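To start, the structure itself, in structure tokens.
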Amino acid sequence: AVLVFDPGDALRPYYNLFVIILLWPLVVIMASRMSFARGWRIVSQLSGDASYGIYVLHTPLLNLFVLITEWDSGAKWSGHGLRFAILSLGTAMIVSCWLSYVYDRPIRHRLMQIFPRKIDIAPAPTA
């Protein structure tokens with residue numbers, strides 16, 4: 001709903017600040033304190049795996065969907081709609097999850113083998 005809602009040109013800067021500064025952090029805090037049943041844990045894991053890919057891919061995918069929509073309808077792009085939001089977000093999720101499992105995880109695993117983490121923590125000084 002946050003992604004589809006259009007506050008209008010006059011309120012958009014305030015709406016964007018509200019969402020970025022208050023709403024998204026609140027959602028992250030609430031989600032981090034929740035425990036889920038097995039089915040929802042799987043959905044949460046997939047969402048987490050896809051999150052960086054969505055961040056990286058959402059603008060190119062949105063632009064692609066705008067081009068396809070304009071080509072299909074023959075009309076100039078007129079704004080977001082629920083169908084567009086569901087289709088573009090669903091596609092971004094699927095592509096991002098796929099890239100995470102096919103590309104990101106194997107590369108991270110290989111890099112961890114090449115460069116294992118070694119954290120040496122010095123003991124705290126005593127008074």
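Ligands are numbered from 1 in the order shown, chains are lettered A, B, ... in the order of the structure tokens, and residues start at 1 in each chain.
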
Hey, what's within 12 Å of Ser35 of chain A if we count only C-alpha atoms and toss same-chain stuff fewer than 6 positions away? As a VMD selection string, please? chain A and resid 41 to 42 44

Legend entry - Surrounding residues of Leu82 of chain A excluding itself and chain neighbours under 6 positions, 10 Å, only C-alpha atoms, as a ChimeraX atom specification: /A:1,3-5,88

Writing out the chosen residues with C-alpha atoms as a CSV table (one decimal), in the first residue's frame:
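Output file result.csv follows:
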chain,number,residue,atom,x,y,z
A,1,ALA,CA,0.0,0.0,0.0
A,3,LEU,CA,4.3,1.8,-2.7
A,4,VAL,CA,1.0,2.4,-4.5
A,5,PHE,CA,-0.3,5.3,-2.5
A,88,SER,CA,6.6,-5.5,-10.9

Quick one: pick out all alpha helix (DSSP H) residues within chain A from a backbone DSSP run and write them as a PyMOL selection string.
chain A and resi 12-18+24-32+38-73+82-99+105-114
